[in-house]
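Raw contents of my_file-v4.cif, mmCIF, C-alpha atoms and all ligand atoms:
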```cif
data_my_file
loop_
_atom_site.label_atom_id
_atom_site.label_comp_id
_atom_site.auth_asym_id
_atom_site.auth_seq_id
_atom_site.Cartn_x
_atom_site.Cartn_y
_atom_site.Cartn_z
CA MET C 645 4.56 24.59 -5.36
CA THR C 646 1.75 22.14 -5.99
CA ASP C 647 -1.69 23.15 -4.70
CA LEU C 648 -2.35 20.59 -1.97
CA THR C 649 -6.03 21.51 -1.53
CA PRO C 650 -7.91 18.22 -2.07
CA HIS C 651 -10.10 18.56 -5.15
CA PRO C 652 -13.62 17.10 -4.76
CA LEU C 653 -13.63 15.41 -8.16
CA HIS C 654 -10.03 14.70 -9.14
CA ASP C 655 -8.15 13.83 -5.95
CA LEU C 656 -8.18 10.47 -4.18
CA LEU C 657 -6.91 9.42 -0.76
CA LEU C 658 -5.59 5.86 -1.07
CA VAL C 659 -5.01 3.88 2.14
CA VAL C 660 -2.74 0.89 1.60
CA ASP C 661 -2.98 -2.28 3.73
CA LEU C 662 -3.93 -0.81 7.10
CA GLN C 663 -4.29 -4.31 8.54
CA TYR C 664 -3.43 -5.93 11.86
CA ASP C 665 -0.67 -8.14 10.44
CA PHE C 666 1.29 -4.99 9.51
CA CYS C 667 0.83 -3.41 12.93
CA PRO C 668 2.93 -4.09 16.07
CA GLY C 669 2.16 -7.63 17.29
CA GLY C 670 1.09 -8.72 13.78
CA ALA C 671 2.64 -11.49 11.68
CA LEU C 672 4.60 -9.06 9.48
CA GLU C 673 4.77 -6.10 11.78
CA VAL C 674 5.89 -2.71 10.59
CA PRO C 675 7.60 -0.84 13.45
CA GLU C 676 5.12 1.79 14.67
CA GLY C 677 2.73 0.81 11.87
CA ASP C 678 -0.30 1.69 14.00
CA ARG C 679 1.01 5.25 14.45
CA VAL C 680 -0.42 6.11 11.03
CA VAL C 681 -4.02 5.26 11.94
CA PRO C 682 -4.96 8.57 13.64
CA VAL C 683 -3.03 10.52 10.99
CA ILE C 684 -5.05 8.87 8.21
CA ASN C 685 -8.32 9.33 10.14
CA ARG C 686 -7.62 13.06 10.36
CA LEU C 687 -7.13 13.23 6.59
CA LEU C 688 -10.34 11.40 5.68
CA PRO C 689 -12.79 14.34 6.04
CA ALA C 690 -10.65 16.44 3.66
CA PHE C 691 -11.22 14.01 0.76
CA ASP C 692 -14.39 13.28 -1.21
CA ASN C 693 -12.79 10.24 -2.82
CA VAL C 694 -11.30 7.57 -0.57
CA GLY C 695 -10.31 3.96 -1.17
CA ALA C 696 -8.27 1.22 0.47
CA THR C 697 -6.28 -1.84 -0.47
CA GLN C 698 -6.30 -5.08 1.52
CA ASP C 699 -3.57 -7.73 1.33
CA TRP C 700 -5.61 -10.93 0.97
CA HIS C 701 -3.71 -14.20 0.64
CA PRO C 702 -4.97 -17.77 0.51
CA ALA C 703 -3.36 -20.15 3.03
CA GLY C 704 -0.18 -21.59 1.49
CA HIS C 705 0.48 -18.50 -0.63
CA SER C 706 3.70 -18.74 -2.65
CA SER C 707 5.11 -15.57 -1.04
CA PHE C 708 5.24 -17.34 2.34
CA ALA C 709 8.65 -18.67 3.40
CA SER C 710 6.78 -21.63 4.93
CA GLN C 711 6.08 -22.87 1.37
CA HIS C 712 9.78 -23.00 0.41
CA GLU C 713 11.94 -25.81 1.76
CA GLY C 714 15.00 -24.44 3.57
CA LYS C 715 13.95 -20.78 3.30
CA ALA C 716 13.44 -18.37 6.18
CA PRO C 717 11.29 -15.23 6.20
CA PHE C 718 12.95 -12.18 4.60
CA GLU C 719 15.17 -14.31 2.35
CA THR C 720 14.51 -14.11 -1.37
CA THR C 721 13.73 -16.68 -4.03
CA SER C 722 13.33 -16.72 -7.77
CA MET C 723 9.75 -16.96 -9.05
CA TYR C 724 8.61 -17.17 -12.69
CA TYR C 725 8.00 -13.39 -12.60
CA GLY C 726 11.28 -12.41 -10.92
CA THR C 727 12.85 -12.16 -7.48
CA GLN C 728 10.45 -12.42 -4.58
CA VAL C 729 11.05 -11.65 -0.89
CA LEU C 730 9.66 -14.46 1.26
CA TRP C 731 7.44 -13.40 4.13
CA PRO C 732 6.06 -14.88 7.31
CA ASP C 733 2.51 -16.21 6.74
CA HIS C 734 0.34 -13.08 6.87
CA CYS C 735 -3.00 -11.57 5.86
CA ILE C 736 -4.70 -14.90 5.31
CA GLN C 737 -8.19 -14.40 3.89
CA GLY C 738 -10.74 -14.01 6.66
CA SER C 739 -8.21 -14.08 9.50
CA GLN C 740 -7.98 -11.43 12.20
CA GLY C 741 -4.53 -10.47 10.87
CA ALA C 742 -6.09 -9.62 7.50
CA ALA C 743 -8.72 -7.39 9.11
CA PHE C 744 -8.40 -3.61 8.98
CA HIS C 745 -7.22 -1.92 12.18
CA LYS C 746 -10.38 -1.36 14.20
CA ASP C 747 -9.62 2.33 14.77
CA PHE C 748 -9.27 3.04 11.05
CA GLN C 749 -12.51 4.65 9.86
CA LEU C 750 -13.14 2.12 7.12
CA ASP C 751 -16.69 3.39 6.60
CA ALA C 752 -15.19 6.40 4.81
CA CYS C 753 -13.83 4.11 2.06
CA GLN C 754 -15.83 3.90 -1.16
CA PHE C 755 -13.94 0.88 -2.47
CA ILE C 756 -11.56 -1.82 -1.29
CA VAL C 757 -9.15 -3.46 -3.72
CA ARG C 758 -8.06 -6.89 -2.53
CA LYS C 759 -4.76 -8.19 -3.84
CA GLY C 760 -2.45 -11.17 -3.52
CA PHE C 761 -5.35 -13.61 -3.79
CA ARG C 762 -3.73 -15.78 -6.46
CA ARG C 763 -1.59 -18.46 -4.84
CA ALA C 764 1.18 -18.41 -7.47
CA ILE C 765 1.88 -14.68 -7.55
CA ASP C 766 2.32 -11.92 -5.01
CA SER C 767 0.83 -8.47 -5.46
CA TYR C 768 2.31 -5.46 -3.68
CA SER C 769 0.93 -2.70 -5.84
CA ALA C 770 -2.67 -1.50 -5.89
CA PHE C 771 -2.43 -1.50 -9.70
CA TYR C 772 -0.45 -4.55 -10.82
CA GLU C 773 0.52 -7.96 -9.49
CA ASN C 774 4.25 -8.61 -9.06
CA ASP C 775 4.70 -9.67 -12.71
CA GLY C 776 4.19 -5.96 -13.42
CA GLU C 777 1.53 -6.69 -16.03
CA THR C 778 -1.54 -8.35 -14.50
CA PRO C 779 -3.82 -5.43 -13.61
CA THR C 780 -6.01 -5.23 -10.53
CA GLY C 781 -8.45 -3.02 -12.44
CA LEU C 782 -7.84 0.00 -10.24
CA SER C 783 -6.48 2.35 -12.89
CA GLY C 784 -9.51 1.87 -15.14
CA TYR C 785 -11.83 2.34 -12.17
CA LEU C 786 -10.12 5.56 -11.12
CA ARG C 787 -9.98 6.94 -14.65
CA GLU C 788 -13.70 6.30 -15.14
CA ARG C 789 -14.31 8.24 -11.95
CA GLY C 790 -12.23 11.18 -13.19
CA ILE C 791 -9.45 10.80 -10.65
CA THR C 792 -6.15 12.34 -11.78
CA ARG C 793 -4.19 12.68 -8.51
CA ILE C 794 -3.61 10.17 -5.74
CA PHE C 795 -2.50 10.91 -2.18
CA VAL C 796 -0.89 7.68 -0.96
CA THR C 797 -0.84 6.57 2.70
CA GLY C 798 -0.60 3.31 4.66
CA LEU C 799 1.71 0.30 5.01
CA ALA C 800 4.37 -0.57 4.24
CA LEU C 801 6.24 2.41 2.80
CA ASP C 802 8.98 0.30 1.21
CA PHE C 803 6.75 -2.42 -0.30
CA CYS C 804 3.05 -1.96 -1.04
CA VAL C 805 3.05 1.84 -0.73
CA PHE C 806 6.21 2.09 -2.85
CA TYR C 807 4.95 -0.12 -5.68
CA SER C 808 1.53 1.52 -5.64
CA ALA C 809 3.10 4.97 -5.93
CA LEU C 810 5.39 3.94 -8.80
CA ASP C 811 2.61 2.17 -10.69
CA GLY C 812 0.35 5.17 -10.15
CA ARG C 813 2.94 7.29 -11.95
CA ARG C 814 3.32 4.64 -14.67
CA GLU C 815 -0.45 4.81 -15.18
CA GLY C 816 -0.24 8.57 -15.63
CA PHE C 817 -1.62 9.75 -12.29
CA GLU C 818 -0.06 12.49 -10.22
CA VAL C 819 1.09 10.84 -7.01
CA ILE C 820 1.74 12.50 -3.65
CA LEU C 821 3.17 10.48 -0.76
CA VAL C 822 1.96 11.62 2.68
CA THR C 823 5.14 10.90 4.61
CA ASP C 824 3.78 10.91 8.17
CA ALA C 825 0.86 8.68 7.12
CA THR C 826 3.14 5.77 6.25
CA ALA C 827 5.77 3.56 7.96
CA ALA C 828 8.44 1.20 6.63
CA ILE C 829 9.52 -2.42 7.22
CA ASP C 830 13.08 -1.31 6.28
CA LEU C 831 14.90 -4.46 5.16
CA ASP C 832 18.57 -3.66 4.37
CA GLY C 833 17.97 0.01 3.64
CA SER C 834 14.78 -0.57 1.66
CA LYS C 835 13.18 2.51 3.20
CA ASP C 836 15.74 5.00 1.88
CA ALA C 837 15.96 3.19 -1.45
CA ALA C 838 12.19 3.45 -1.83
CA LEU C 839 12.16 7.16 -0.96
CA TRP C 840 14.91 7.90 -3.47
CA GLU C 841 13.30 5.92 -6.26
CA MET C 842 9.90 7.49 -5.67
CA GLN C 843 11.45 10.94 -5.83
CA ASP C 844 13.31 9.96 -9.00
CA LYS C 845 10.06 8.76 -10.64
CA GLY C 846 8.21 11.99 -9.92
CA VAL C 847 6.30 11.04 -6.78
CA GLN C 848 5.81 14.24 -4.76
CA MET C 849 6.14 14.28 -0.98
CA THR C 850 4.18 16.17 1.65
CA ASP C 851 2.86 15.69 5.18
CA SER C 852 -0.62 15.57 6.65
CA LYS C 853 -0.31 18.98 8.28
CA SER C 854 0.32 20.69 4.95
CA ILE C 855 -2.73 19.01 3.40
CA LEU C 856 -5.00 19.92 6.33
CA GLN C 857 -3.76 23.51 6.26
CA ALA C 858 -4.58 23.73 2.55
CA ALA C 859 -7.96 21.99 2.87
C1 LIG C 901 3.22 -6.01 2.14
C2 LIG C 901 4.90 -7.56 2.18
C3 LIG C 901 4.01 -8.57 1.87
C4 LIG C 901 2.82 -4.59 2.31
C5 LIG C 901 2.31 -7.01 1.82
O1 LIG C 901 1.62 -4.30 2.54
O2 LIG C 901 3.72 -3.72 2.20
N1 LIG C 901 4.52 -6.31 2.31
N2 LIG C 901 2.71 -8.28 1.70
ZN ZN C 902 1.37 -9.89 1.49
#
```
Would you write out, as structure tokens, the structure that this file holds?
Ligand code: VGL
Ligand code: ZN
Amino acid sequence: MTDLTPHPLHDLLLVVDLQYDFCPGGALEVPEGDRVVPVINRLLPAFDNVGATQDWHPAGHSSFASQHEGKAPFETTSMYYGTQVLWPDHCIQGSQGAAFHKDFQLDACQFIVRKGFRRAIDSYSAFYENDGETPTGLSGYLRERGITRIFVTGLALDFCVFYSALDGRREGFEVILVTDATAAIDLDGSKDAALWEMQDKGVQMTDSKSILQAA
């Protein structure tokens, strides 16, 4: 079994999109999304390396259903880079919905990667935009810092967490999903599909209790 003890140099806690629009009452709410906030806060002191992502769209972003005549949120459309789910307007730069949940101890984060800021392309993953090839710069940053293993938490399990975990593997990092520190949107079985694919691609799974016991 993998040693879950967080290593001071090589392990990173990554917190994905812990923003109001993904919490209950938000524009793109994840059921019980806010439940992960205290779980993540409890993990923070166990890690010497912590970073966050922040979904950060300009008004009129092309991933918004409002920009597509005749389309409703959660339908899909074809973009130049492939199929794209269309979302309610969310995480608009500078808005309250784009802000981090106030109870999340953001001060513990050493970096914040903003993503989805180009109008023409969405960006779920912390590593690549949705064309799968435009980098955010995160893998180079982490490699220069000597990070080799990433513990992934945050929202939403079946979109930004999922793509971040898979791209982390693709970039050669060890990836461990902290299952109770994440929550899913779950569109048409997307939660189970994401869990299966992550397992298939070598993403390990654990829970916060096991990490804290090992710390
Ligand atoms: C997300 C859909 C659109 C996420 C972001 O954080 O999972 N999902 N934008
Ligand atoms: Zn988004």
From the options C:Gln728, C:Thr646, C:Gln848, C:Gln749, which residue's atoms come nearest to ligand ZN 902 (chain C), counting only C-alpha atoms and all ligand atoms?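 When distances to ligand ZN 902 (chain C) are compared using only C-alpha atoms and all ligand atoms, the smallest one comes from C:Gln728.
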Kindly compile the residues surrounding ligand ZN 902 (chain C) within 10 Å, counting all atoms listed in the file, and format them as number ranges by chain. C: 661, 665-666, 672, 698-701, 705, 707-708, 730-736, 742, 759-761, 766-768, 803-804
In Å, rounded to a single decimal, give me how far atom CA of Arg814 of chain C is from atom CA of Asp832 of chain C.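 Separating atom CA of Asp832 of chain C from atom CA of Arg814 of chain C is a distance of 25.8 Å.
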Selected residue of minimal separation from Ala828 of chain C among C:Thr797, C:Ser852, C:Gln857, C:Thr649, counting only C-alpha atoms: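 Among the listed residues, C:Thr797 lies closest to Ala828 of chain C.
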Quick one: residues within 10 Å of Leu782 of chain C, all atoms listed in the file, excluding same-chain residues fewer than 3 positions away - as a ChimeraX atom specification? /C:755-757,770-772,779,785-788,812
Any chance you could export the current selection's C-alpha atoms as a PDB file, in the frame of the given file?
```pdb
ATOM      1  CA  PHE C 755     -13.940   0.880  -2.470  1.00  0.00           C
ATOM      2  CA  ILE C 756     -11.560  -1.820  -1.290  1.00  0.00           C
ATOM      3  CA  VAL C 757      -9.150  -3.460  -3.720  1.00  0.00           C
ATOM      4  CA  ALA C 770      -2.670  -1.500  -5.890  1.00  0.00           C
ATOM      5  CA  PHE C 771      -2.430  -1.500  -9.700  1.00  0.00           C
ATOM      6  CA  TYR C 772      -0.450  -4.550 -10.820  1.00  0.00           C
ATOM      7  CA  PRO C 779      -3.820  -5.430 -13.610  1.00  0.00           C
ATOM      8  CA  TYR C 785     -11.830   2.340 -12.170  1.00  0.00           C
ATOM      9  CA  LEU C 786     -10.120   5.560 -11.120  1.00  0.00           C
ATOM     10  CA  ARG C 787      -9.980   6.940 -14.650  1.00  0.00           C
ATOM     11  CA  GLU C 788     -13.700   6.300 -15.140  1.00  0.00           C
ATOM     12  CA  GLY C 812       0.350   5.170 -10.150  1.00  0.00           C
TER      13      GLY C 812
END
```
Point-to-point distance from atom CA of Ala764 of chain C to atom CA of Leu658 of chain C, Å rounded to tenths: 26.0 Å
Got a moment to write segment 784-859 of chain C out with C-alpha atoms, as a short mmCIF file (atom, residue, chain, number, x, y, z; two decimals), in the first residue's frame?
```
data_model
loop_
_atom_site.label_atom_id
_atom_site.label_comp_id
_atom_site.auth_asym_id
_atom_site.auth_seq_id
_atom_site.Cartn_x
_atom_site.Cartn_y
_atom_site.Cartn_z
CA GLY C 784 6.44 23.13 -15.28
CA TYR C 785 5.91 25.09 -12.08
CA LEU C 786 5.39 21.93 -10.02
CA ARG C 787 8.33 20.13 -11.59
CA GLU C 788 10.64 23.07 -10.86
CA ARG C 789 9.50 22.89 -7.25
CA GLY C 790 10.28 19.17 -7.06
CA ILE C 791 6.69 18.02 -6.69
CA THR C 792 6.13 14.41 -7.78
CA ARG C 793 2.80 13.52 -6.14
CA ILE C 794 -0.48 15.42 -6.08
CA PHE C 795 -3.36 14.91 -3.66
CA VAL C 796 -6.43 16.23 -5.49
CA THR C 797 -9.48 17.75 -3.75
CA GLY C 798 -12.27 20.22 -4.57
CA LEU C 799 -15.05 20.69 -7.13
CA ALA C 800 -16.41 19.25 -9.23
CA LEU C 801 -15.35 15.60 -9.07
CA ASP C 802 -16.66 14.76 -12.54
CA PHE C 803 -15.33 17.83 -14.38
CA CYS C 804 -12.44 19.97 -13.14
CA VAL C 805 -11.19 17.47 -10.55
CA PHE C 806 -11.46 14.61 -13.06
CA TYR C 807 -9.57 16.37 -15.86
CA SER C 808 -6.94 17.68 -13.45
CA ALA C 809 -6.33 14.17 -12.11
CA LEU C 810 -6.05 12.63 -15.58
CA ASP C 811 -3.76 15.37 -16.86
CA GLY C 812 -1.64 15.05 -13.73
CA ARG C 813 -1.09 11.40 -14.64
CA ARG C 814 -0.41 12.33 -18.28
CA GLU C 815 2.25 14.75 -17.03
CA GLY C 816 3.90 11.97 -15.06
CA PHE C 817 2.81 12.87 -11.53
CA GLU C 818 1.49 10.37 -9.03
CA VAL C 819 -2.11 11.38 -8.36
CA ILE C 820 -4.22 10.53 -5.31
CA LEU C 821 -7.89 11.53 -5.20
CA VAL C 822 -9.16 12.36 -1.70
CA THR C 823 -12.69 11.04 -2.10
CA ASP C 824 -14.40 12.76 0.84
CA ALA C 825 -12.79 16.09 -0.12
CA THR C 826 -14.66 16.27 -3.42
CA ALA C 827 -18.27 16.28 -4.70
CA ALA C 828 -19.83 15.71 -8.12
CA ILE C 829 -22.28 17.52 -10.41
CA ASP C 830 -23.30 14.07 -11.75
CA LEU C 831 -24.81 14.68 -15.20
CA ASP C 832 -26.11 11.38 -16.67
CA GLY C 833 -23.82 9.16 -14.63
CA SER C 834 -20.75 11.36 -15.06
CA LYS C 835 -19.70 10.74 -11.46
CA ASP C 836 -19.32 6.96 -11.80
CA ALA C 837 -17.80 7.31 -15.27
CA ALA C 838 -15.20 9.70 -13.87
CA LEU C 839 -14.35 7.41 -10.96
CA TRP C 840 -13.93 4.42 -13.26
CA GLU C 841 -11.76 6.28 -15.74
CA MET C 842 -9.56 7.74 -13.03
CA GLN C 843 -9.03 4.29 -11.58
CA ASP C 844 -8.27 2.95 -15.06
CA LYS C 845 -5.65 5.68 -15.63
CA GLY C 846 -3.81 4.96 -12.39
CA VAL C 847 -5.28 7.63 -10.13
CA GLN C 848 -5.17 6.25 -6.57
CA MET C 849 -8.03 6.82 -4.14
CA THR C 850 -7.99 7.49 -0.42
CA ASP C 851 -9.89 9.52 2.18
CA SER C 852 -8.92 12.37 4.46
CA LYS C 853 -8.93 10.21 7.58
CA SER C 854 -6.29 7.87 6.16
CA ILE C 855 -4.04 10.82 5.26
CA LEU C 856 -4.41 12.44 8.70
CA GLN C 857 -3.71 9.13 10.42
CA ALA C 858 -0.51 8.74 8.37
CA ALA C 859 0.59 12.36 8.84
#
```
